[in-house]
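Text of my_file.cif (mmCIF, C-alpha atoms) as supplied:
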data_run
#
loop_
_atom_site.label_atom_id
_atom_site.label_comp_id
_atom_site.auth_asym_id
_atom_site.auth_seq_id
_atom_site.Cartn_x
_atom_site.Cartn_y
_atom_site.Cartn_z
CA MET A 175 -1.87 -11.80 23.74
CA ALA A 176 -5.39 -11.40 22.41
CA THR A 177 -6.71 -13.57 19.61
CA LEU A 178 -8.27 -12.03 16.50
CA GLU A 179 -11.66 -13.22 17.77
CA GLU A 180 -11.14 -11.41 21.07
CA LEU A 181 -10.06 -8.26 19.25
CA THR A 182 -13.14 -8.54 17.03
CA THR A 183 -15.33 -8.64 20.13
CA GLU A 184 -13.51 -5.58 21.44
CA ALA A 185 -13.92 -3.80 18.10
CA THR A 186 -17.61 -4.67 17.96
CA ALA A 187 -18.17 -3.06 21.36
CA GLU A 188 -16.29 0.07 20.30
CA ILE A 189 -18.25 0.44 17.06
CA GLU A 190 -21.53 -0.14 18.92
CA ALA A 191 -20.60 2.59 21.38
CA ALA A 192 -19.69 4.94 18.52
CA LYS A 193 -23.03 4.56 16.69
CA PRO A 194 -24.42 6.29 14.73
CA LEU A 195 -21.57 6.58 12.23
CA TYR A 196 -21.90 8.46 9.00
CA LYS A 197 -20.32 8.42 5.57
CA GLN A 198 -20.18 11.34 3.21
CA VAL A 199 -20.73 10.22 -0.38
CA ASN A 200 -20.28 12.97 -2.95
CA ASN A 201 -21.16 15.44 -0.22
CA ASP A 202 -24.37 13.64 0.80
CA LYS A 203 -24.19 12.60 4.43
CA LEU A 204 -25.66 9.14 5.05
CA GLU A 205 -25.69 6.83 8.05
CA PHE A 206 -23.64 3.65 7.73
CA THR A 207 -25.50 0.65 6.37
CA ASP A 208 -25.34 -2.71 8.18
CA SER A 209 -22.66 -3.69 5.69
CA ASP A 210 -20.67 -0.54 6.47
CA TYR A 211 -20.87 -1.23 10.19
CA ALA A 212 -19.75 -4.83 9.65
CA GLN A 213 -16.82 -3.63 7.56
CA SER A 214 -15.82 -1.08 10.18
CA VAL A 215 -15.73 -3.81 12.84
CA THR A 216 -13.52 -5.94 10.59
CA ASP A 217 -11.23 -3.01 9.85
CA LEU A 218 -10.89 -2.01 13.49
CA ALA A 219 -10.23 -5.59 14.60
CA ASN A 220 -7.61 -6.02 11.88
CA SER A 221 -6.01 -2.74 12.88
CA LYS A 222 -5.78 -3.89 16.49
CA TRP A 223 -4.34 -7.21 15.34
CA ASP A 224 -1.71 -5.46 13.20
CA ALA A 225 -0.69 -3.18 16.05
CA GLN A 226 -0.38 -6.15 18.39
CA GLN A 227 1.45 -8.48 16.01
CA PHE A 228 3.54 -6.10 13.92
CA GLY A 229 3.77 -2.89 15.94
CA TYR A 230 7.16 -3.96 17.29
CA ILE A 231 8.68 -3.75 13.80
CA GLN A 232 8.21 -0.02 13.42
CA ALA A 233 8.95 0.59 17.09
CA ARG A 234 12.31 -1.14 16.63
CA GLN A 235 13.06 0.69 13.38
CA GLU A 236 12.45 4.03 15.05
CA ALA A 237 14.45 3.12 18.16
CA TYR A 238 17.47 1.76 16.27
CA GLY A 239 18.32 5.24 15.00
CA SER A 240 19.86 6.12 11.68
CA ILE A 241 22.37 3.91 9.88
CA GLY A 242 24.87 6.76 10.19
CA ASP A 243 24.53 6.92 13.95
CA GLN A 244 24.87 3.14 14.20
CA LEU A 245 28.01 3.15 12.03
CA ASP A 246 29.44 5.83 14.29
CA MET A 247 28.73 3.63 17.31
CA GLN A 248 30.42 0.67 15.63
CA TYR A 249 33.49 2.72 14.71
CA LYS A 250 33.88 3.97 18.26
CA ASP A 251 33.39 0.44 19.58
CA LEU A 252 36.20 -0.79 17.31
CA VAL A 253 38.52 2.02 18.34
CA ASP A 254 37.71 1.99 22.04
CA GLY A 255 36.96 -1.70 22.53
CA THR A 256 33.46 -0.95 23.84
CA THR A 257 30.12 -2.66 23.07
CA THR A 258 27.85 0.39 22.79
CA TRP A 259 26.26 -0.62 19.48
CA LYS A 260 25.63 -4.24 20.48
CA ASP A 261 24.16 -3.13 23.82
CA HIS A 262 21.96 -0.55 22.06
CA ILE A 263 20.54 -3.13 19.64
CA ALA A 264 19.93 -5.60 22.46
CA THR A 265 18.10 -2.95 24.49
CA VAL A 266 15.89 -1.98 21.54
CA LYS A 267 14.98 -5.62 20.95
CA SER A 268 14.21 -6.32 24.59
CA ASP A 269 12.22 -3.09 24.95
CA ASN A 270 10.13 -3.98 21.88
CA PRO A 271 9.69 -7.75 22.02
CA LYS A 272 8.38 -9.78 19.13
CA PRO A 273 4.98 -11.32 20.05
CA ALA A 274 5.16 -15.00 20.88
CA MET B 70 -19.78 21.36 -25.98
CA VAL B 71 -17.53 20.24 -23.11
CA PHE B 72 -14.18 21.99 -23.06
CA LYS B 73 -11.78 19.40 -21.65
CA GLN B 74 -8.49 21.15 -21.18
CA GLY B 75 -7.02 21.50 -17.69
CA LEU B 76 -8.07 20.07 -14.37
CA HIS B 77 -11.79 19.64 -13.78
CA VAL B 78 -13.62 19.20 -10.48
CA ILE B 79 -15.73 16.04 -10.51
CA GLN B 80 -16.75 15.94 -6.86
CA LYS B 81 -16.05 18.09 -3.84
CA THR B 82 -16.88 17.06 -0.30
CA VAL B 83 -16.45 19.34 2.67
CA ILE B 84 -16.59 17.82 6.14
CA THR B 85 -18.63 19.97 8.48
CA SER B 86 -19.47 17.41 11.16
CA ASN B 87 -18.05 14.05 12.22
CA THR B 88 -17.91 11.60 9.32
CA ALA B 89 -16.40 8.12 9.48
CA ALA B 90 -15.81 7.72 5.73
CA VAL B 91 -15.59 9.93 2.67
CA THR B 92 -16.43 8.51 -0.74
CA LEU B 93 -15.90 10.26 -4.05
CA THR B 94 -17.35 8.68 -7.19
CA GLY B 95 -17.77 9.77 -10.77
CA ILE B 96 -14.65 8.34 -12.39
CA ASP B 97 -15.66 7.38 -15.91
CA ASP B 98 -14.13 7.45 -19.40
CA THR B 99 -14.22 11.23 -19.73
CA TYR B 100 -10.64 11.67 -18.52
CA ASP B 101 -7.48 9.55 -18.71
CA VAL B 102 -6.18 10.29 -15.23
CA TYR B 103 -7.99 11.34 -12.09
CA HIS B 104 -6.63 13.13 -9.06
CA VAL B 105 -7.71 13.63 -5.45
CA ARG B 106 -6.68 16.54 -3.30
CA ILE B 107 -7.24 16.40 0.45
CA ILE B 108 -7.00 19.68 2.32
CA ASP B 109 -6.65 20.00 6.09
CA ALA B 110 -8.22 16.69 7.06
CA GLN B 111 -8.53 16.18 10.80
CA SER B 112 -9.81 13.19 12.72
CA THR B 113 -10.82 12.23 16.22
CA THR B 114 -8.11 9.59 16.53
CA VAL B 115 -4.42 9.09 15.84
CA GLU B 116 -5.01 6.18 13.50
CA PRO B 117 -3.68 5.88 9.94
CA MET B 118 -5.88 6.99 7.05
CA ARG B 119 -6.68 4.37 4.44
CA CYS B 120 -8.14 4.28 0.95
CA ARG B 121 -10.23 1.84 -1.07
CA ILE B 122 -11.64 1.84 -4.56
CA THR B 123 -15.32 1.69 -5.42
CA LYS B 124 -16.99 -0.33 -8.15
CA SER B 125 -20.44 0.84 -9.22
CA GLY B 126 -20.42 3.09 -6.19
CA THR B 127 -19.77 0.25 -3.74
CA VAL B 128 -16.60 0.26 -1.66
CA VAL B 129 -14.45 -2.79 -2.41
CA ASP B 130 -12.77 -4.61 0.44
CA SER B 131 -10.92 -7.44 -1.20
CA ASP B 132 -8.10 -8.86 0.86
CA ASN B 133 -4.81 -9.46 -0.93
CA ASN B 134 -5.83 -7.33 -3.90
CA TYR B 135 -4.47 -4.11 -2.42
CA ASP B 136 -0.68 -3.84 -2.44
CA TYR B 137 1.47 -0.82 -1.78
CA ALA B 138 4.79 0.55 -0.58
CA TRP B 139 5.68 3.90 0.94
CA TRP B 140 8.42 5.83 2.62
CA GLU B 141 8.36 8.57 5.19
CA ARG B 142 10.47 11.45 6.26
CA LEU B 143 10.28 13.16 9.59
CA THR B 144 11.69 16.67 9.70
CA ASN B 145 12.84 16.59 13.28
CA ARG B 146 15.05 13.54 12.87
CA ALA B 147 18.74 14.29 12.48
CA SER B 148 18.78 11.62 9.83
CA PRO B 149 15.51 11.29 7.96
CA GLY B 150 13.80 7.97 8.47
CA PHE B 151 13.12 5.77 5.53
CA ASN B 152 10.66 3.00 5.61
CA SER B 153 8.70 0.70 3.40
CA PHE B 154 5.81 -1.63 3.81
CA ASN B 155 3.99 -4.12 1.69
CA ASP B 156 0.57 -4.84 3.05
CA SER B 157 0.29 -8.15 1.29
CA VAL B 158 2.98 -9.54 3.59
CA GLY B 159 2.18 -10.36 7.18
CA SER B 160 -0.64 -7.92 7.76
CA ALA B 161 -4.21 -8.86 8.50
CA ASN B 162 -5.48 -5.57 7.18
CA ALA B 163 -4.62 -6.10 3.53
CA GLY B 164 -7.89 -4.89 2.05
CA SER B 165 -6.94 -1.24 1.63
CA TRP B 166 -4.11 1.13 0.83
CA ARG B 167 -2.60 2.77 3.88
CA ILE B 168 -2.01 6.38 2.98
CA GLN B 169 -0.25 7.25 6.22
CA HIS B 170 2.50 5.26 7.84
CA GLN B 171 2.07 2.66 10.52
CA ASN B 172 0.90 3.18 14.08
CA SER B 173 1.94 6.48 15.59
CA ASP B 174 1.08 8.60 12.57
CA ASN B 175 -1.78 10.95 13.09
CA GLN B 176 -3.49 14.07 12.00
CA ALA B 177 -5.30 14.64 15.26
CA GLY B 178 -3.41 17.75 16.31
CA THR B 179 -5.54 20.84 16.14
CA ALA B 180 -2.93 23.02 14.53
CA MET B 181 -2.46 21.21 11.28
CA GLY B 182 -4.44 18.64 9.35
CA LEU B 183 -3.35 16.25 6.67
CA ASN B 184 -2.83 17.57 3.16
CA ALA B 185 -2.45 15.13 0.29
CA GLU B 186 -2.17 14.87 -3.47
CA ILE B 187 -3.22 11.54 -4.95
CA ASP B 188 -3.07 10.41 -8.59
CA LEU B 189 -5.38 7.65 -9.79
CA PHE B 190 -4.44 5.60 -12.87
CA ASN B 191 -6.09 2.76 -14.79
CA PHE B 192 -9.38 3.00 -12.96
CA ARG B 193 -11.25 2.31 -16.20
CA ASN B 194 -9.08 -0.57 -17.37
CA ALA B 195 -10.48 -3.83 -15.98
CA ASN B 196 -7.56 -5.86 -17.32
CA ALA B 197 -4.75 -3.91 -15.68
CA ASN B 198 -3.85 -3.08 -12.11
CA THR B 199 -5.61 -0.04 -10.79
CA GLN B 200 -2.82 2.24 -9.63
CA ILE B 201 -2.52 4.97 -7.04
CA ARG B 202 0.34 7.31 -6.18
CA TRP B 203 0.24 9.68 -3.25
CA SER B 204 2.16 12.30 -1.37
CA CYS B 205 0.92 13.66 1.92
CA ILE B 206 2.13 15.88 4.73
CA PHE B 207 0.82 16.06 8.26
CA ASN B 208 1.80 16.82 11.82
CA ASP B 209 3.09 13.77 13.61
CA GLU B 210 2.33 14.21 17.27
CA SER B 211 4.49 11.32 18.39
CA TRP B 212 7.53 13.05 16.90
CA ASP B 213 6.25 16.57 17.43
CA GLY B 214 7.21 17.45 13.91
CA ILE B 215 6.22 17.41 10.28
CA SER B 216 5.94 14.05 8.61
CA SER B 217 5.79 13.34 4.91
CA THR B 218 4.68 10.09 3.37
CA LYS B 219 5.04 9.17 -0.27
CA GLY B 220 3.66 5.95 -1.60
CA ALA B 221 2.31 4.00 -4.50
CA GLY B 222 -0.05 1.09 -4.71
CA GLY B 223 -1.95 -1.17 -7.00
CA PHE B 224 -5.23 -3.05 -6.92
CA THR B 225 -5.12 -6.36 -8.76
CA PRO B 226 -8.47 -6.91 -10.44
CA SER B 227 -10.03 -10.20 -9.44
CA SER B 228 -12.85 -9.79 -11.94
CA GLN B 229 -13.34 -7.96 -15.20
CA SER B 230 -14.77 -4.70 -13.99
CA VAL B 231 -13.70 -1.10 -13.77
CA SER B 232 -13.45 1.20 -10.76
CA ASP B 233 -15.43 4.41 -10.46
CA GLY B 234 -14.27 6.07 -7.24
CA VAL B 235 -12.29 6.09 -4.02
CA SER B 236 -13.20 6.01 -0.36
CA PHE B 237 -11.16 7.29 2.60
CA PHE B 238 -11.44 6.27 6.24
CA ASN B 239 -9.37 5.92 9.40
CA ASP B 240 -8.60 2.68 11.22
CA SER B 241 -10.92 4.04 13.87
CA GLY B 242 -12.58 7.35 14.64
CA GLU B 243 -14.10 9.98 12.38
CA PHE B 244 -13.03 12.90 10.25
CA THR B 245 -13.89 16.16 11.97
CA ARG B 246 -13.01 18.49 9.13
CA GLY B 247 -11.38 18.54 5.74
CA THR B 248 -12.03 19.06 2.07
CA PHE B 249 -11.84 16.15 -0.40
CA ILE B 250 -11.85 16.97 -4.09
CA LEU B 251 -11.86 14.61 -7.08
CA TYR B 252 -10.46 16.06 -10.30
CA GLY B 253 -10.19 14.76 -13.85
CA TYR B 254 -7.18 15.57 -16.00
CA SER B 255 -8.01 16.51 -19.58
CA LYS B 256 -7.09 13.99 -22.26
#

Target format structure tokens, applied to this file:
Amino acid sequence: MATLEELTTEATAEIEAAKPLYKQVNNDKLEFTDSDYAQSVTDLANSKWDAQQFGYIQARQEAYGSIGDQLDMQYKDLVDGTTTWKDHIATVKSDNPKPA
Amino acid sequence: MVFKQGLHVIQKTVITSNTAAVTLTGIDDTYDVYHVRIIDAQSTTVEPMRCRITKSGTVVDSDNNYDYAWWERLTNRASPGFNSFNDSVGSANAGSWRIQHQNSDNQAGTAMGLNAEIDLFNFRNANANTQIRWSCIFNDESWDGISSTKGAGGFTPSSQSVSDGVSFFNDSGEFTRGTFILYGYSK
């Protein structure tokens, strides 16, 4: 698990490799200022941090499936005595672990 | 004499070569409400698009002052997915509004760019939250389908000053094409 400092170093290298970067202000195209470059490094590092720390949340939400489908699983489990829903949730959680 | 009925173009920016950020300024006291339309925006990456306000033409990155919530619908899901997110909770990247949803969203497919309608409220009121409301549609490559995101956000003023524009950028990468237009609604 990378620290924010390590991700900032990674982001700095990526922004350096991407130079020159431009911004378009009211249709005038200008190269980034030093401040813009510094901000872009911060933004990219934060983005990497978010993906690392919180990406599992959306991954789980998407993998769980709809509430309707889950209710259907639970109904069938009750009727048939199976554990499909519980197994499904456990698999989603283990496939998308929460960062330590 | 300025005839102020209808919707008036304040700024129009057309991307013709790679551009990392697009800034539209010119929001003043002429109109009550301002509006941004984004047409067919494409980028080099699959990262979410974000938005910030400008004060005196300078983009404002002020952590914890940008809050928002959104929901999404994906057309190829049997049951549409709903979601919400508040960037002031848990996220390191709190200094902007995220126009697109988290992670796998993208507008990088060549067939279809992102189209968006964005309303801007209270930009000239330094004592109230600056407010934004958006609706956008784009091709989500991870789902191979159409995705729609609707959201709303506010910027809590930390000092007594007004906002005069908005700036758009991606978490990484550059816009390769697109048209960004700032309108003013007549009073």

Quiz item: Any idea what's packed within 12 Å of Met175 of chain A, counting only C-alpha atoms, ignoring anything in its chain fewer than 3 positions away? Could you give it as number ranges by chain?
Solution: A: 178-181, 222-223, 225-227, 272-274

Exercise. Find the residues near Ser165 of chain B: any atom within 7 Å, counting all atoms listed in the file, skip ones fewer than 3 places away on the same chain, and give them as a list in words.
Key: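 Once the adjacent positions are removed, what remains is Arg119, Cys120, Arg121, Asp130 and Tyr135 of chain B.
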
Quiz item: chain A residues within 10 Å of chain B, counting only C-alpha atoms: which ones, as a PyMOL selection string?
Solution: chain A and resi 178+185+188-189+192+194-206+210+213-225+227-229+231-233+235-236+239-243

Exercise. Would you work out the distance separating atom CA of Phe207 of chain B from atom CA of Trp140 of chain B, expressed in Å to one decimal?
Key: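 Going from atom CA of Phe207 of chain B over to atom CA of Trp140 of chain B, I get 13.9 Å.
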
Exercise. May I ask for the distance between atom CA of Ser232 of chain B and atom CA of Asn196 of chain B, given in Å to one decimal place?
Key: 11.3 Å

Exercise. Could you please determine the separation between atom CA of Tyr100 of chain B and atom CA of Gly222 of chain B in Å, to one decimal place?
Key: 20.4 Å

Exercise. Find the spatial neighbours of Arg106 of chain B, counting all atoms listed in the file, within a cut-off of 9 Å - ignore same-chain residues fewer than 5 positions away - and output them as a list in words.
Key: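 The filter keeps Asn184, Ala185, Glu186, Ile187, Asp188, Thr248, Phe249, Ile250, Leu251 and Tyr252 of chain B.
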
Find the smallest box with edges along x, y and z containing every listed atom of segment 228-247 of chain A, then add 8 Å on each side and report centre and edge lengths in Å to one decimal, as JSON.
{"center_x": 16.5, "center_y": 0.4, "center_z": 14.0, "size_x": 41.9, "size_y": 29.0, "size_z": 24.3}

Taking N, CA and C atoms as the atom set, what does segment 193-224 of chain A look like once completed, written as a JSON list (two decimals), in the coordinates of the input?
[["chain", "number", "residue", "atom", "x", "y", "z"],
["A", 193, "LYS", "N", -21.88, 4.34, 17.56],
["A", 193, "LYS", "CA", -23.03, 4.56, 16.69],
["A", 193, "LYS", "C", -23.82, 5.80, 17.10],
["A", 194, "PRO", "N", -24.42, 6.55, 16.17],
["A", 194, "PRO", "CA", -24.42, 6.29, 14.73],
["A", 194, "PRO", "C", -23.16, 6.83, 14.06],
["A", 195, "LEU", "N", -22.68, 6.12, 13.05],
["A", 195, "LEU", "CA", -21.57, 6.58, 12.23],
["A", 195, "LEU", "C", -22.10, 6.99, 10.86],
["A", 196, "TYR", "N", -21.43, 7.95, 10.29],
["A", 196, "TYR", "CA", -21.90, 8.46, 9.00],
["A", 196, "TYR", "C", -20.81, 8.38, 7.95],
["A", 197, "LYS", "N", -21.24, 8.31, 6.70],
["A", 197, "LYS", "CA", -20.32, 8.42, 5.57],
["A", 197, "LYS", "C", -20.79, 9.58, 4.70],
["A", 198, "GLN", "N", -19.84, 10.22, 4.07],
["A", 198, "GLN", "CA", -20.18, 11.34, 3.21],
["A", 198, "GLN", "C", -19.87, 10.92, 1.77],
["A", 199, "VAL", "N", -20.90, 10.70, 0.99],
["A", 199, "VAL", "CA", -20.73, 10.22, -0.38],
["A", 199, "VAL", "C", -21.08, 11.35, -1.33],
["A", 200, "ASN", "N", -20.08, 11.85, -2.03],
["A", 200, "ASN", "CA", -20.28, 12.97, -2.95],
["A", 200, "ASN", "C", -21.04, 14.11, -2.28],
["A", 201, "ASN", "N", -20.64, 14.35, -1.06],
["A", 201, "ASN", "CA", -21.16, 15.44, -0.22],
["A", 201, "ASN", "C", -22.56, 15.19, 0.34],
["A", 202, "ASP", "N", -23.13, 14.00, 0.13],
["A", 202, "ASP", "CA", -24.37, 13.64, 0.80],
["A", 202, "ASP", "C", -24.02, 12.84, 2.05],
["A", 203, "LYS", "N", -24.52, 13.28, 3.18],
["A", 203, "LYS", "CA", -24.19, 12.60, 4.43],
["A", 203, "LYS", "C", -25.23, 11.53, 4.72],
["A", 204, "LEU", "N", -24.77, 10.28, 4.86],
["A", 204, "LEU", "CA", -25.66, 9.14, 5.05],
["A", 204, "LEU", "C", -25.18, 8.33, 6.24],
["A", 205, "GLU", "N", -26.13, 7.71, 6.97],
["A", 205, "GLU", "CA", -25.69, 6.83, 8.05],
["A", 205, "GLU", "C", -25.15, 5.53, 7.46],
["A", 206, "PHE", "N", -24.20, 4.94, 8.15],
["A", 206, "PHE", "CA", -23.64, 3.65, 7.73],
["A", 206, "PHE", "C", -24.77, 2.63, 7.53],
["A", 207, "THR", "N", -24.61, 1.80, 6.53],
["A", 207, "THR", "CA", -25.50, 0.65, 6.37],
["A", 207, "THR", "C", -25.00, -0.48, 7.28],
["A", 208, "ASP", "N", -25.79, -1.54, 7.39],
["A", 208, "ASP", "CA", -25.34, -2.71, 8.18],
["A", 208, "ASP", "C", -24.02, -3.23, 7.64],
["A", 209, "SER", "N", -23.90, -3.22, 6.32],
["A", 209, "SER", "CA", -22.66, -3.69, 5.69],
["A", 209, "SER", "C", -21.49, -2.79, 6.06],
["A", 210, "ASP", "N", -21.73, -1.48, 6.08],
["A", 210, "ASP", "CA", -20.67, -0.54, 6.47],
["A", 210, "ASP", "C", -20.23, -0.78, 7.91],
["A", 211, "TYR", "N", -21.20, -0.98, 8.79],
["A", 211, "TYR", "CA", -20.87, -1.23, 10.19],
["A", 211, "TYR", "C", -20.06, -2.54, 10.33],
["A", 212, "ALA", "N", -20.48, -3.55, 9.59],
["A", 212, "ALA", "CA", -19.75, -4.83, 9.65],
["A", 212, "ALA", "C", -18.32, -4.65, 9.16],
["A", 213, "GLN", "N", -18.16, -3.87, 8.09],
["A", 213, "GLN", "CA", -16.82, -3.63, 7.56],
["A", 213, "GLN", "C", -15.97, -2.86, 8.55],
["A", 214, "SER", "N", -16.59, -1.89, 9.23],
["A", 214, "SER", "CA", -15.82, -1.08, 10.18],
["A", 214, "SER", "C", -15.35, -1.91, 11.36],
["A", 215, "VAL", "N", -16.15, -2.89, 11.77],
["A", 215, "VAL", "CA", -15.73, -3.81, 12.84],
["A", 215, "VAL", "C", -14.53, -4.64, 12.37],
["A", 216, "THR", "N", -14.63, -5.15, 11.15],
["A", 216, "THR", "CA", -13.52, -5.94, 10.59],
["A", 216, "THR", "C", -12.25, -5.11, 10.50],
["A", 217, "ASP", "N", -12.40, -3.88, 10.00],
["A", 217, "ASP", "CA", -11.23, -3.01, 9.85],
["A", 217, "ASP", "C", -10.59, -2.69, 11.20],
["A", 218, "LEU", "N", -11.43, -2.37, 12.18],
["A", 218, "LEU", "CA", -10.89, -2.01, 13.49],
["A", 218, "LEU", "C", -10.21, -3.21, 14.15],
["A", 219, "ALA", "N", -10.84, -4.38, 14.03],
["A", 219, "ALA", "CA", -10.23, -5.59, 14.60],
["A", 219, "ALA", "C", -8.90, -5.89, 13.93],
["A", 220, "ASN", "N", -8.87, -5.77, 12.60],
["A", 220, "ASN", "CA", -7.61, -6.02, 11.88],
["A", 220, "ASN", "C", -6.53, -5.01, 12.27],
["A", 221, "SER", "N", -6.96, -3.77, 12.47],
["A", 221, "SER", "CA", -6.01, -2.74, 12.88],
["A", 221, "SER", "C", -5.40, -3.07, 14.24],
["A", 222, "LYS", "N", -6.26, -3.51, 15.16],
["A", 222, "LYS", "CA", -5.78, -3.89, 16.49],
["A", 222, "LYS", "C", -4.83, -5.09, 16.39],
["A", 223, "TRP", "N", -5.17, -6.02, 15.53],
["A", 223, "TRP", "CA", -4.34, -7.21, 15.34],
["A", 223, "TRP", "C", -2.96, -6.81, 14.79],
["A", 224, "ASP", "N", -2.98, -5.92, 13.79],
["A", 224, "ASP", "CA", -1.71, -5.46, 13.20],
["A", 224, "ASP", "C", -0.83, -4.78, 14.24]]
